[in-house]
file target.pdb (PDB, C-alpha atoms and all ligand atoms)
ATOM      1  CA  MET A   1     116.130 109.251 126.027
ATOM      2  CA  LYS A   2     115.336 105.562 126.186
ATOM      3  CA  GLY A   3     116.767 105.164 129.711
ATOM      4  CA  LYS A   4     114.605 107.984 130.961
ATOM      5  CA  VAL A   5     111.511 106.438 129.448
ATOM      6  CA  LEU A   6     112.201 103.073 131.012
ATOM      7  CA  ALA A   7     112.658 104.639 134.413
ATOM      8  CA  LEU A   8     109.244 106.237 134.346
ATOM      9  CA  ILE A   9     107.134 103.148 133.924
ATOM     10  CA  THR A  10     107.212  99.802 135.622
ATOM     11  CA  ILE A  11     108.691  97.205 133.328
ATOM     12  CA  VAL A  12     107.618  93.641 134.042
ATOM     13  CA  PHE A  13     108.276  90.985 131.443
ATOM     14  CA  LEU A  14     105.581  88.341 131.740
ATOM     15  CA  TYR A  15     106.282  85.536 129.353
ATOM     16  CA  GLY A  16     103.120  83.559 128.646
ATOM     17  CA  SER A  17     101.251  86.404 130.244
ATOM     18  CA  ASN A  18      97.775  85.207 129.200
ATOM     19  CA  ASN A  19      97.996  82.496 131.821
ATOM     20  CA  LEU A  20     100.100  84.237 134.377
ATOM     21  CA  TYR A  21      98.340  87.550 134.371
ATOM     22  CA  PRO A  22      94.638  87.204 133.571
ATOM     23  CA  ALA A  23      92.781  90.439 132.987
ATOM     24  CA  ALA A  24      91.618  91.705 136.365
ATOM     25  CA  GLU A  25      88.266  93.410 136.700
ATOM     26  CA  ASP A  26      89.490  96.969 136.468
ATOM     27  CA  ILE A  27      92.356  96.843 134.025
ATOM     28  CA  ILE A  28      92.687  97.120 130.278
ATOM     29  CA  LYS A  29      95.240  94.842 128.664
ATOM     30  CA  LEU A  30      96.605  95.508 125.181
ATOM     31  CA  THR A  31      98.501  93.059 122.983
ATOM     32  CA  PHE A  32     100.165  94.584 119.929
ATOM     33  CA  LEU A  33      99.660  91.945 117.247
ATOM     34  CA  GLY A  34     101.058  94.073 114.441
ATOM     35  CA  THR A  35     102.857  97.404 114.631
ATOM     36  CA  GLY A  36     103.654  97.966 110.945
ATOM     37  CA  ALA A  37     101.793  99.416 107.980
ATOM     38  CA  PRO A  38     101.152  98.329 104.339
ATOM     39  CA  ARG A  39     104.778  97.477 103.559
ATOM     40  CA  PRO A  40     105.597  93.811 104.303
ATOM     41  CA  SER A  41     107.885  93.268 107.278
ATOM     42  CA  LEU A  42     108.808  90.090 109.123
ATOM     43  CA  THR A  43     109.126  91.933 112.424
ATOM     44  CA  ARG A  44     106.253  94.406 112.138
ATOM     45  CA  TYR A  45     103.089  92.725 110.873
ATOM     46  CA  GLY A  46     100.077  94.766 109.745
ATOM     47  CA  PRO A  47      98.236  96.948 112.269
ATOM     48  CA  SER A  48      96.107  95.107 114.817
ATOM     49  CA  ILE A  49      95.802  95.445 118.592
ATOM     50  CA  LEU A  50      93.989  93.052 120.921
ATOM     51  CA  VAL A  51      92.090  94.811 123.712
ATOM     52  CA  GLU A  52      91.012  92.903 126.828
ATOM     53  CA  ALA A  53      88.767  94.603 129.360
ATOM     54  CA  GLY A  54      87.637  92.213 132.098
ATOM     55  CA  SER A  55      86.239  89.221 130.216
ATOM     56  CA  GLN A  56      85.585  91.225 127.036
ATOM     57  CA  ARG A  57      87.933  90.979 124.073
ATOM     58  CA  LEU A  58      88.068  92.846 120.785
ATOM     59  CA  LEU A  59      90.480  93.770 118.043
ATOM     60  CA  VAL A  60      91.285  97.240 116.794
ATOM     61  CA  ASP A  61      92.029  96.664 113.078
ATOM     62  CA  ALA A  62      92.871  93.442 111.303
ATOM     63  CA  GLY A  63      96.096  93.860 109.345
ATOM     64  CA  PRO A  64      98.178  91.219 107.541
ATOM     65  CA  GLY A  65      99.425  88.502 109.897
ATOM     66  CA  MET A  66      96.919  89.270 112.669
ATOM     67  CA  ARG A  67      95.612  85.682 112.701
ATOM     68  CA  GLU A  68      99.116  84.280 113.105
ATOM     69  CA  ARG A  69     100.058  86.738 115.859
ATOM     70  CA  LEU A  70      96.839  85.928 117.757
ATOM     71  CA  PHE A  71      97.728  82.266 117.472
ATOM     72  CA  GLN A  72     101.217  83.021 118.773
ATOM     73  CA  ALA A  73      99.776  85.002 121.669
ATOM     74  CA  GLY A  74      97.089  82.570 122.785
ATOM     75  CA  GLY A  75      96.683  79.511 120.520
ATOM     76  CA  PHE A  76      93.310  78.142 119.510
ATOM     77  CA  GLU A  77      91.668  79.385 122.713
ATOM     78  CA  LEU A  78      92.283  83.007 121.761
ATOM     79  CA  LEU A  79      91.695  82.510 118.036
ATOM     80  CA  THR A  80      88.238  81.071 118.634
ATOM     81  CA  ASP A  81      87.263  83.527 121.365
ATOM     82  CA  ILE A  82      87.328  86.821 119.458
ATOM     83  CA  ASN A  83      84.006  87.838 117.938
ATOM     84  CA  LEU A  84      84.351  91.618 117.773
ATOM     85  CA  ILE A  85      86.534  93.735 115.466
ATOM     86  CA  ILE A  86      86.482  97.522 115.170
ATOM     87  CA  LEU A  87      88.060  99.069 112.076
ATOM     88  CA  THR A  88      89.603 102.522 111.903
ATOM     89  CA  HIS A  89      89.254 102.620 108.101
ATOM     90  CA  LEU A  90      89.035 100.381 105.076
ATOM     91  CA  HIS A  91      92.608 100.304 103.738
ATOM     92  CA  PHE A  92      93.707  96.727 103.123
ATOM     93  CA  ASP A  93      96.446  96.885 105.748
ATOM     94  CA  HIS A  94      93.695  97.329 108.375
ATOM     95  CA  THR A  95      91.089  94.901 107.023
ATOM     96  CA  ILE A  96      92.680  92.052 105.083
ATOM     97  CA  SER A  97      92.695  89.631 108.034
ATOM     98  CA  VAL A  98      89.006  90.039 108.829
ATOM     99  CA  PRO A  99      88.046  87.035 106.646
ATOM    100  CA  GLY A 100      91.023  85.079 107.998
ATOM    101  CA  LEU A 101      89.915  85.400 111.612
ATOM    102  CA  TRP A 102      86.182  85.234 110.921
ATOM    103  CA  LEU A 103      86.533  81.908 109.060
ATOM    104  CA  THR A 104      89.407  80.362 111.034
ATOM    105  CA  GLY A 105      87.788  81.130 114.386
ATOM    106  CA  TRP A 106      84.516  79.609 113.193
ATOM    107  CA  LEU A 107      86.132  76.522 111.623
ATOM    108  CA  PHE A 108      87.987  75.708 114.824
ATOM    109  CA  GLY A 109      85.193  76.234 117.287
ATOM    110  CA  ARG A 110      83.747  79.749 117.575
ATOM    111  CA  LYS A 111      79.954  79.431 117.870
ATOM    112  CA  SER A 112      79.064  83.127 117.865
ATOM    113  CA  PRO A 113      78.945  85.328 114.752
ATOM    114  CA  MET A 114      81.782  87.762 114.049
ATOM    115  CA  THR A 115      80.680  91.381 114.505
ATOM    116  CA  VAL A 116      82.536  94.229 112.807
ATOM    117  CA  TYR A 117      82.140  97.994 113.287
ATOM    118  CA  GLY A 118      83.816 100.535 111.039
ATOM    119  CA  PRO A 119      83.327 103.693 108.984
ATOM    120  CA  GLU A 120      81.007 104.090 106.014
ATOM    121  CA  GLY A 121      81.541 101.200 103.603
ATOM    122  CA  THR A 122      82.270  98.589 106.290
ATOM    123  CA  ALA A 123      78.922  96.776 105.970
ATOM    124  CA  SER A 124      79.361  96.642 102.196
ATOM    125  CA  MET A 125      82.922  95.291 102.456
ATOM    126  CA  MET A 126      81.832  92.601 104.939
ATOM    127  CA  SER A 127      78.910  91.598 102.767
ATOM    128  CA  ASN A 128      81.367  91.229  99.874
ATOM    129  CA  PHE A 129      83.582  89.022 102.064
ATOM    130  CA  GLU A 130      80.506  86.864 102.769
ATOM    131  CA  SER A 131      79.809  86.564  99.051
ATOM    132  CA  ALA A 132      83.453  85.805  98.297
ATOM    133  CA  TYR A 133      83.548  82.920 100.752
ATOM    134  CA  ALA A 134      79.991  81.598 100.308
ATOM    135  CA  TRP A 135      81.295  78.469  98.529
ATOM    136  CA  ASP A 136      83.872  77.813 101.255
ATOM    137  CA  ILE A 137      81.271  78.113 104.011
ATOM    138  CA  ARG A 138      78.756  75.954 102.152
ATOM    139  CA  TYR A 139      81.470  73.338 101.503
ATOM    140  CA  ARG A 140      82.365  73.058 105.163
ATOM    141  CA  GLU A 141      78.744  72.956 106.303
ATOM    142  CA  VAL A 142      78.028  70.162 103.793
ATOM    143  CA  VAL A 143      80.821  68.081 105.331
ATOM    144  CA  GLY A 144      79.543  68.668 108.868
ATOM    145  CA  VAL A 145      81.182  71.789 110.283
ATOM    146  CA  HIS A 146      78.771  73.510 112.671
ATOM    147  CA  GLU A 147      76.723  76.303 111.038
ATOM    148  CA  GLN A 148      76.589  78.447 114.158
ATOM    149  CA  GLY A 149      79.193  81.205 114.098
ATOM    150  CA  SER A 150      79.616  81.479 110.338
ATOM    151  CA  ASP A 151      77.724  84.788 110.108
ATOM    152  CA  LEU A 152      79.555  88.086 109.622
ATOM    153  CA  ILE A 153      77.568  91.003 111.049
ATOM    154  CA  ALA A 154      78.683  94.547 110.262
ATOM    155  CA  TYR A 155      77.716  98.113 111.115
ATOM    156  CA  ASP A 156      78.764 101.431 109.575
ATOM    157  CA  ILE A 157      79.385 103.891 112.399
ATOM    158  CA  GLU A 158      79.710 107.663 112.797
ATOM    159  CA  PRO A 159      81.879 109.581 115.271
ATOM    160  CA  GLY A 160      80.487 109.250 118.812
ATOM    161  CA  VAL A 161      79.806 106.443 121.273
ATOM    162  CA  PHE A 162      78.829 103.316 119.338
ATOM    163  CA  TYR A 163      79.404 100.524 121.845
ATOM    164  CA  GLU A 164      78.582 100.250 125.528
ATOM    165  CA  GLN A 165      78.505  96.953 127.375
ATOM    166  CA  ASP A 166      79.475  95.746 130.871
ATOM    167  CA  GLY A 167      81.435  98.894 131.630
ATOM    168  CA  LEU A 168      83.227  98.992 128.274
ATOM    169  CA  LYS A 169      82.541 102.138 126.266
ATOM    170  CA  ILE A 170      83.954 102.756 122.786
ATOM    171  CA  THR A 171      83.861 106.132 121.091
ATOM    172  CA  ALA A 172      84.668 106.712 117.412
ATOM    173  CA  ILE A 173      86.684 109.851 116.667
ATOM    174  CA  ASN A 174      86.938 111.505 113.272
ATOM    175  CA  VAL A 175      90.596 111.678 112.146
ATOM    176  CA  GLU A 176      92.332 113.254 109.157
ATOM    177  CA  HIS A 177      93.429 110.439 106.862
ATOM    178  CA  MET A 178      91.291 111.263 103.840
ATOM    179  CA  PRO A 179      93.330 112.225 100.750
ATOM    180  CA  ILE A 180      94.115 115.898 100.244
ATOM    181  CA  ASN A 181      95.618 118.061  97.550
ATOM    182  CA  VAL A 182      99.161 118.382  98.922
ATOM    183  CA  ASP A 183      99.517 121.912  97.547
ATOM    184  CA  THR A 184      96.261 123.411  98.797
ATOM    185  CA  GLY A 185      95.412 121.067 101.689
ATOM    186  CA  GLU A 186      91.884 120.677 100.347
ATOM    187  CA  LEU A 187      90.127 117.332 100.552
ATOM    188  CA  LEU A 188      90.012 115.499  97.238
ATOM    189  CA  GLY A 189      86.388 114.574  97.806
ATOM    190  CA  LEU A 190      86.645 110.800  98.193
ATOM    191  CA  GLU A 191      83.525 109.494  99.939
ATOM    192  CA  GLY A 192      83.814 107.739 103.313
ATOM    193  CA  SER A 193      85.661 108.566 106.506
ATOM    194  CA  THR A 194      88.536 107.488 108.723
ATOM    195  CA  LEU A 195      88.341 106.990 112.464
ATOM    196  CA  GLY A 196      90.308 106.763 115.678
ATOM    197  CA  PHE A 197      88.880 105.208 118.846
ATOM    198  CA  ARG A 198      88.729 105.956 122.530
ATOM    199  CA  ILE A 199      88.126 102.989 124.826
ATOM    200  CA  ASP A 200      87.015 103.514 128.427
ATOM    201  CA  TYR A 201      86.700 100.752 130.993
ATOM    202  CA  LYS A 202      86.291 101.189 134.772
ATOM    203  CA  GLY A 203      88.322 104.382 134.952
ATOM    204  CA  ARG A 204      91.025 103.245 132.472
ATOM    205  CA  SER A 205      91.278 104.785 129.041
ATOM    206  CA  VAL A 206      93.141 104.297 125.783
ATOM    207  CA  VAL A 207      93.019 106.335 122.570
ATOM    208  CA  PHE A 208      93.971 104.794 119.221
ATOM    209  CA  SER A 209      94.832 107.464 116.660
ATOM    210  CA  GLY A 210      94.143 105.258 113.666
ATOM    211  CA  ASP A 211      95.924 106.584 110.577
ATOM    212  CA  THR A 212      96.001 110.359 110.648
ATOM    213  CA  ARG A 213      97.918 113.519 109.915
ATOM    214  CA  SER A 214      97.670 115.011 113.389
ATOM    215  CA  THR A 215      97.506 118.731 113.901
ATOM    216  CA  SER A 216      96.798 120.831 116.965
ATOM    217  CA  SER A 217      93.153 121.058 115.852
ATOM    218  CA  SER A 218      92.891 117.267 115.599
ATOM    219  CA  SER A 219      89.944 115.661 117.415
ATOM    220  CA  ILE A 220      92.480 113.263 118.920
ATOM    221  CA  VAL A 221      93.580 116.089 121.242
ATOM    222  CA  GLU A 222      90.193 116.758 122.847
ATOM    223  CA  HIS A 223      89.562 113.016 123.302
ATOM    224  CA  SER A 224      93.002 112.368 124.791
ATOM    225  CA  MET A 225      93.025 114.736 127.761
ATOM    226  CA  ASP A 226      93.658 112.841 131.037
ATOM    227  CA  ILE A 227      93.922 109.444 129.410
ATOM    228  CA  ASP A 228      96.148 106.544 130.398
ATOM    229  CA  VAL A 229      97.592 105.525 127.044
ATOM    230  CA  LEU A 230      97.655 107.318 123.687
ATOM    231  CA  ILE A 231      98.659 105.059 120.810
ATOM    232  CA  HIS A 232      99.717 107.131 117.831
ATOM    233  CA  GLU A 233     100.833 106.258 114.319
ATOM    234  CA  VAL A 234     104.041 107.744 112.911
ATOM    235  CA  GLN A 235     105.895 108.211 109.665
ATOM    236  CA  VAL A 236     109.505 109.342 109.774
ATOM    237  CA  PRO A 237     110.252 111.346 106.599
ATOM    238  CA  ALA A 238     112.842 109.876 104.237
ATOM    239  CA  ALA A 239     115.916 112.078 103.972
ATOM    240  CA  GLY A 240     117.123 113.633 100.731
ATOM    241  CA  ASN A 241     115.568 114.341  97.375
ATOM    242  CA  SER A 242     116.026 111.044  95.557
ATOM    243  CA  PRO A 243     113.012 109.747  93.613
ATOM    244  CA  GLU A 244     112.702 106.976  96.230
ATOM    245  CA  ALA A 245     112.665 109.486  99.074
ATOM    246  CA  GLN A 246     110.136 111.654  97.276
ATOM    247  CA  LEU A 247     107.900 108.652  96.656
ATOM    248  CA  ALA A 248     108.154 107.539 100.295
ATOM    249  CA  ASN A 249     107.277 111.036 101.474
ATOM    250  CA  VAL A 250     104.112 111.375  99.379
ATOM    251  CA  SER A 251     102.133 109.696 102.166
ATOM    252  CA  LEU A 252     103.234 112.318 104.716
ATOM    253  CA  SER A 253     100.116 114.268 103.747
ATOM    254  CA  VAL A 254      97.988 111.580 105.442
ATOM    255  CA  HIS A 255     100.328 110.468 108.261
ATOM    256  CA  SER A 256     102.079 112.123 111.231
ATOM    257  CA  THR A 257     105.750 112.957 111.666
ATOM    258  CA  PRO A 258     107.430 112.486 115.086
ATOM    259  CA  GLU A 259     107.387 116.290 115.358
ATOM    260  CA  GLN A 260     103.600 116.367 114.934
ATOM    261  CA  VAL A 261     103.080 113.472 117.358
ATOM    262  CA  ALA A 262     105.345 115.162 119.915
ATOM    263  CA  ALA A 263     103.085 118.218 119.751
ATOM    264  CA  ILE A 264     100.038 115.997 120.416
ATOM    265  CA  PHE A 265     101.811 114.279 123.340
ATOM    266  CA  ARG A 266     102.857 117.649 124.815
ATOM    267  CA  GLU A 267      99.293 118.921 124.577
ATOM    268  CA  THR A 268      97.617 115.823 126.043
ATOM    269  CA  ARG A 269     100.337 114.393 128.341
ATOM    270  CA  PRO A 270      99.034 110.813 128.552
ATOM    271  CA  ARG A 271     100.368 108.559 131.331
ATOM    272  CA  LEU A 272     102.107 106.733 128.478
ATOM    273  CA  GLY A 273     102.514 107.679 124.830
ATOM    274  CA  VAL A 274     102.981 104.745 122.454
ATOM    275  CA  TYR A 275     104.025 104.640 118.838
ATOM    276  CA  SER A 276     102.521 101.939 116.649
ATOM    277  CA  HIS A 277     101.836 101.726 112.879
ATOM    278  CA  ILE A 278     105.482 102.515 112.176
ATOM    279  CA  ILE A 279     106.461 103.812 108.727
ATOM    280  CA  PRO A 280     108.933 102.653 107.507
ATOM    281  CA  PRO A 281     108.943  99.391 109.477
ATOM    282  CA  GLU A 282     112.735  99.037 109.683
ATOM    283  CA  LEU A 283     113.120 102.111 111.927
ATOM    284  CA  THR A 284     114.608 101.399 115.338
ATOM    285  CA  SER A 285     112.956 102.566 118.546
ATOM    286  CA  ASP A 286     115.857 104.894 119.241
ATOM    287  CA  GLN A 287     115.551 106.548 115.834
ATOM    288  CA  ILE A 288     111.872 107.284 116.430
ATOM    289  CA  LEU A 289     112.245 108.365 120.059
ATOM    290  CA  ASP A 290     115.241 110.565 119.274
ATOM    291  CA  ALA A 291     113.167 112.352 116.613
ATOM    292  CA  THR A 292     110.393 113.048 119.156
ATOM    293  CA  ASP A 293     110.742 116.210 121.220
ATOM    294  CA  TYR A 294     108.723 115.104 124.240
ATOM    295  CA  ASN A 295     109.899 114.532 127.805
ATOM    296  CA  GLY A 296     107.017 112.410 129.111
ATOM    297  CA  PRO A 297     106.838 108.599 129.285
ATOM    298  CA  MET A 298     106.674 107.064 125.830
ATOM    299  CA  LEU A 299     107.788 103.982 123.954
ATOM    300  CA  VAL A 300     107.693 102.327 120.559
ATOM    301  CA  ALA A 301     105.481  99.231 120.381
ATOM    302  CA  GLU A 302     106.832  95.936 119.066
ATOM    303  CA  ASP A 303     104.830  92.983 117.772
ATOM    304  CA  LEU A 304     103.559  90.807 120.662
ATOM    305  CA  MET A 305     104.298  93.471 123.280
ATOM    306  CA  THR A 306     101.630  93.724 125.976
ATOM    307  CA  LEU A 307     100.604  96.675 128.120
ATOM    308  CA  THR A 308      98.553  96.136 131.243
ATOM    309  CA  ILE A 309      96.869  99.359 132.281
ATOM    310  CA  GLY A 310      95.914  99.552 135.927
ATOM    311  CA  ASP A 311      97.209 101.658 138.817
ATOM    312  CA  GLU A 312     100.539 100.973 137.161
ATOM    313  CA  ILE A 313     101.181 100.445 133.490
ATOM    314  CA  THR A 314     103.201  97.295 133.010
ATOM    315  CA  LEU A 315     104.949  96.105 129.902
ATOM    316  CA  GLY A 316     105.231  92.462 128.923
ATOM    317  CA  VAL A 317     105.486  90.024 126.063
ATOM    318  CA  ALA A 318     102.737  87.657 124.939
ATOM    319  CA  SER A 319     103.937  84.251 123.932
ATOM    320  CA  GLY A 320     102.294  80.956 123.388
ATOM    321  CA  SER A 321     100.082  80.431 126.425
ATOM    322  CA  GLY A 322      97.404  78.613 124.425
ATOM    323  CA  THR A 323      97.095  75.292 122.638
ATOM    324  CA  ASN A 324      98.649  75.194 119.203
ATOM    325  CA  ILE A 325      97.850  71.604 118.277
ATOM    326  CA  PHE A 326      94.196  71.183 117.376
ATOM    327  CA  THR A 327      92.537  68.395 119.318
ATOM    328  CA  GLU A 328      88.962  69.561 119.847
ATOM    329  CA  ALA A 329      86.463  67.262 118.162
ATOM    330  CA  ASP A 330      83.322  69.233 118.925
ATOM    331  CA  VAL A 331      83.554  71.527 115.926
ATOM    332  CA  VAL A 332      82.061  68.812 113.737
ATOM    333  CA  ASP A 333      78.337  68.276 114.201
ATOM    334  CA  GLN A 334      77.709  64.678 115.211
TER     335      GLN A 334
HETATM  336 ZN    ZN A 401      97.532 102.098 107.718
END

call {"tool": "encode", "arguments": {"input": "target.pdb", "output": "structure tokens"}}
result
Amino acid sequence: MKGKVLALITIVFLYGSNNLYPAAEDIIKLTFLGTGAPRPSLTRYGPSILVEAGSQRLLVDAGPGMRERLFQAGGFELLTDINLIILTHLHFDHTISVPGLWLTGWLFGRKSPMTVYGPEGTASMMSNFESAYAWDIRYREVVGVHEQGSDLIAYDIEPGVFYEQDGLKITAINVEHMPINVDTGELLGLEGSTLGFRIDYKGRSVVFSGDTRSTSSSSIVEHSMDIDVLIHEVQVPAAGNSPEAQLANVSLSVHSTPEQVAAIFRETRPRLGVYSHIIPPELTSDQILDATDYNGPMLVAEDLMTLTIGDEITLGVASGSGTNIFTEADVVDQ
């Protein structure tokens, strides 16, 4: 199956691709900073994807290790350039690196505030982050670090278009990741919501499923017709009936099996289907692809993989195009 997939898309490995392949005006470039989930993994960090559309940059989710992967991908230049994060939901594996990037980017030169959009509860979480780090920020300002850029601005959003700027449009999609009674399928009544996103830019389009149990009635389907890339989460069920397997499979009620994702891919037929947010993280690409009954182009994302979406979709690897030794003196107010 893998050979067939590789034949259907153009594979171009662009080492140091940030320098060699700057985002053209009409392409979307994705860098997978983390392709795992809550469980720690040294090869699959927590979920986070860098989106570049023309000169605009943003992150979808901010999982564990995101700051380090950004640094790997583009050094201080990239770390200090990002000022927009959109969150699919408020689980820690999607949010824990927000303070890390907000504060690191500011400390090493970002002069604009960090802006965060996410579902109900996002503004409250961000305001708690601000309270938690008030002493840190005050400390650094007292010793001369620039004040500009230390603000964290947040908005709770509802499904629908919530961002439109310079040709970049972002739509929030309601997805099914809220807890349910596994016997009856009824929602357990927890407040809040969970989202996916559709990003459109100059005729290119990407859908991010967020965390979701996908079904044929999922909103992901209607938002993913005729799109370029559909990035979907996946959980491969643990085999057997051991207590460990049963425990691992509890979360299947809020995630999607390869069978369910295959049904979504067959219905929507994106130019490229991509798996990310892999549960469990030690699965190989072949194991996931072999479990997916779909004959269109698809692949399993790896940390630091890039996808450039234009007339062709090209695959590359981000690595170290930026500066990783800090030499800028202008972060300290003179
Ligand atoms: Zn997750």

call {"tool": "residues_near_ligand", "arguments": {"input": "target.pdb", "ligand": "ligand ZN 401 (chain A)", "cutoff": "9 Å", "atoms": "only C-alpha atoms and all ligand atoms", "output": "CSV table (one decimal) with C-alpha atoms, keeping the file's coordinate frame"}}
result
chain,number,residue,atom,x,y,z
A,36,GLY,CA,103.7,98.0,110.9
A,37,ALA,CA,101.8,99.4,108.0
A,38,PRO,CA,101.2,98.3,104.3
A,46,GLY,CA,100.1,94.8,109.7
A,47,PRO,CA,98.2,96.9,112.3
A,63,GLY,CA,96.1,93.9,109.3
A,88,THR,CA,89.6,102.5,111.9
A,89,HIS,CA,89.3,102.6,108.1
A,91,HIS,CA,92.6,100.3,103.7
A,92,PHE,CA,93.7,96.7,103.1
A,93,ASP,CA,96.4,96.9,105.7
A,94,HIS,CA,93.7,97.3,108.4
A,210,GLY,CA,94.1,105.3,113.7
A,211,ASP,CA,95.9,106.6,110.6
A,212,THR,CA,96.0,110.4,110.6
A,233,GLU,CA,100.8,106.3,114.3
A,255,HIS,CA,100.3,110.5,108.3
A,277,HIS,CA,101.8,101.7,112.9

call {"tool": "resolve_selection", "arguments": {"input": "target.pdb", "expression": "the PyMOL selection byres (((chain A and resi 80-82) around 6) and not hetatm)", "output": "PyMOL selection string"}}
result
chain A and resi 76-79+83-84+105+109-110

call {"tool": "resolve_selection", "arguments": {"input": "target.pdb", "expression": "the PyMOL selection byres (((chain A and resi 213-218) around 12) and not hetatm)", "output": "count of residues only"}}
result
44

call {"tool": "atom_distance", "arguments": {"input": "target.pdb", "atom1": "atom CA of A:Gly310", "atom2": "atom CA of A:Tyr117"}}
result
26.5 Å

call {"tool": "resolve_selection", "arguments": {"input": "target.pdb", "expression": "the PyMOL selection byres (((chain A and resi 133-136) around 12) and not hetatm)", "output": "list in words"}}
result
Pro99, Gly100, Trp102, Leu103, Thr104, Leu107, Met126, Ser127, Asn128, Phe129, Glu130, Ser131, Ala132, Ile137, Arg138, Tyr139, Arg140, Glu141, Val142, Val143, Val145, Ser150, Asp151 and Leu152 of chain A

call {"tool": "closest_residue", "arguments": {"input": "target.pdb", "among": "A:Ala73, A:Lys111, A:Met66, A:Asn181", "to": "A:Val98", "atoms": "only C-alpha atoms"}}
result
A:Met66

call {"tool": "axis_aligned_box", "arguments": {"input": "target.pdb", "around": "stretch 275-285 of chain A", "padding_each_side": "4 Å", "output": "JSON"}}
result
{"center_x": 108.2, "center_y": 101.8, "center_z": 113.2, "size_x": 20.8, "size_y": 13.6, "size_z": 19.3}

call {"tool": "atom_distance", "arguments": {"input": "target.pdb", "atom1": "atom CA of A:Ile96", "atom2": "atom CA of A:Pro119"}}
result
15.4 Å

call {"tool": "atom_distance", "arguments": {"input": "target.pdb", "atom1": "atom CA of A:Ala238", "atom2": "atom CA of A:Thr43"}}
result
20.1 Å

call {"tool": "closest_residue", "arguments": {"input": "target.pdb", "among": "A:Ile153, A:Met305, A:Leu168, A:Leu58", "to": "A:Pro113", "atoms": "only C-alpha atoms"}}
result
A:Ile153

call {"tool": "closest_residue", "arguments": {"input": "target.pdb", "among": "A:Leu299, A:Val317, A:Ile278, A:Ile170", "to": "A:Pro40", "atoms": "only C-alpha atoms"}}
result
A:Ile278

call {"tool": "closest_residue", "arguments": {"input": "target.pdb", "among": "A:Ala172, A:Phe162, A:Arg271, A:Ser112", "to": "A:Glu147", "atoms": "all atoms listed in the file"}}
result
A:Ser112

call {"tool": "closest_residue", "arguments": {"input": "target.pdb", "among": "A:Ala245, A:Leu289, A:Met298, A:Ile28", "to": "A:Arg269", "atoms": "only C-alpha atoms"}}
result
A:Met298

call {"tool": "residues_around", "arguments": {"input": "target.pdb", "residues": "A:Asp156", "least_positions_apart": "3", "cutoff": "6 Å", "atoms": "all atoms listed in the file", "output": "mmCIF file with C-alpha atoms, in the frame of the given file"}}
result
data_model
loop_
_atom_site.group_PDB
_atom_site.id
_atom_site.type_symbol
_atom_site.label_atom_id
_atom_site.label_comp_id
_atom_site.auth_asym_id
_atom_site.auth_seq_id
_atom_site.Cartn_x
_atom_site.Cartn_y
_atom_site.Cartn_z
ATOM 1 C CA GLY A 118 83.816 100.535 111.039
ATOM 2 C CA PRO A 119 83.327 103.693 108.984
ATOM 3 C CA GLU A 120 81.007 104.090 106.014
ATOM 4 C CA THR A 122 82.270 98.589 106.290
ATOM 5 C CA ALA A 123 78.922 96.776 105.970
#

call {"tool": "build_atoms", "arguments": {"input": "target.pdb", "residues": "stretch 203-213 of chain A", "atoms": "N, CA and C atoms", "output": "mmCIF file, in the frame of the given file"}}
result
data_model
loop_
_atom_site.group_PDB
_atom_site.id
_atom_site.type_symbol
_atom_site.label_atom_id
_atom_site.label_comp_id
_atom_site.auth_asym_id
_atom_site.auth_seq_id
_atom_site.Cartn_x
_atom_site.Cartn_y
_atom_site.Cartn_z
ATOM 1 N N GLY A 203 87.359 103.341 134.582
ATOM 2 C CA GLY A 203 88.322 104.382 134.952
ATOM 3 C C GLY A 203 89.623 104.332 134.169
ATOM 4 N N ARG A 204 89.808 103.314 133.325
ATOM 5 C CA ARG A 204 91.025 103.245 132.472
ATOM 6 C C ARG A 204 90.654 103.697 131.069
ATOM 7 N N SER A 205 91.621 104.260 130.367
ATOM 8 C CA SER A 205 91.278 104.785 129.041
ATOM 9 C C SER A 205 92.462 104.693 128.073
ATOM 10 N N VAL A 206 92.127 104.378 126.837
ATOM 11 C CA VAL A 206 93.141 104.297 125.783
ATOM 12 C C VAL A 206 92.579 104.987 124.545
ATOM 13 N N VAL A 207 93.409 105.775 123.868
ATOM 14 C CA VAL A 207 93.019 106.335 122.570
ATOM 15 C C VAL A 207 93.913 105.731 121.487
ATOM 16 N N PHE A 208 93.269 105.316 120.401
ATOM 17 C CA PHE A 208 93.971 104.794 119.221
ATOM 18 C C PHE A 208 93.824 105.855 118.136
ATOM 19 N N SER A 209 94.928 106.361 117.639
ATOM 20 C CA SER A 209 94.832 107.464 116.660
ATOM 21 C C SER A 209 94.296 106.999 115.318
ATOM 22 N N GLY A 210 94.389 105.677 115.038
ATOM 23 C CA GLY A 210 94.143 105.258 113.666
ATOM 24 C C GLY A 210 95.211 105.885 112.786
ATOM 25 N N ASP A 211 94.980 105.924 111.487
ATOM 26 C CA ASP A 211 95.924 106.584 110.577
ATOM 27 C C ASP A 211 95.485 108.037 110.450
ATOM 28 N N THR A 212 96.409 108.949 110.657
ATOM 29 C CA THR A 212 96.001 110.359 110.648
ATOM 30 C C THR A 212 97.183 111.301 110.494
ATOM 31 N N ARG A 213 96.957 112.415 109.829
ATOM 32 C CA ARG A 213 97.918 113.519 109.915
ATOM 33 C C ARG A 213 97.422 114.351 111.088
#
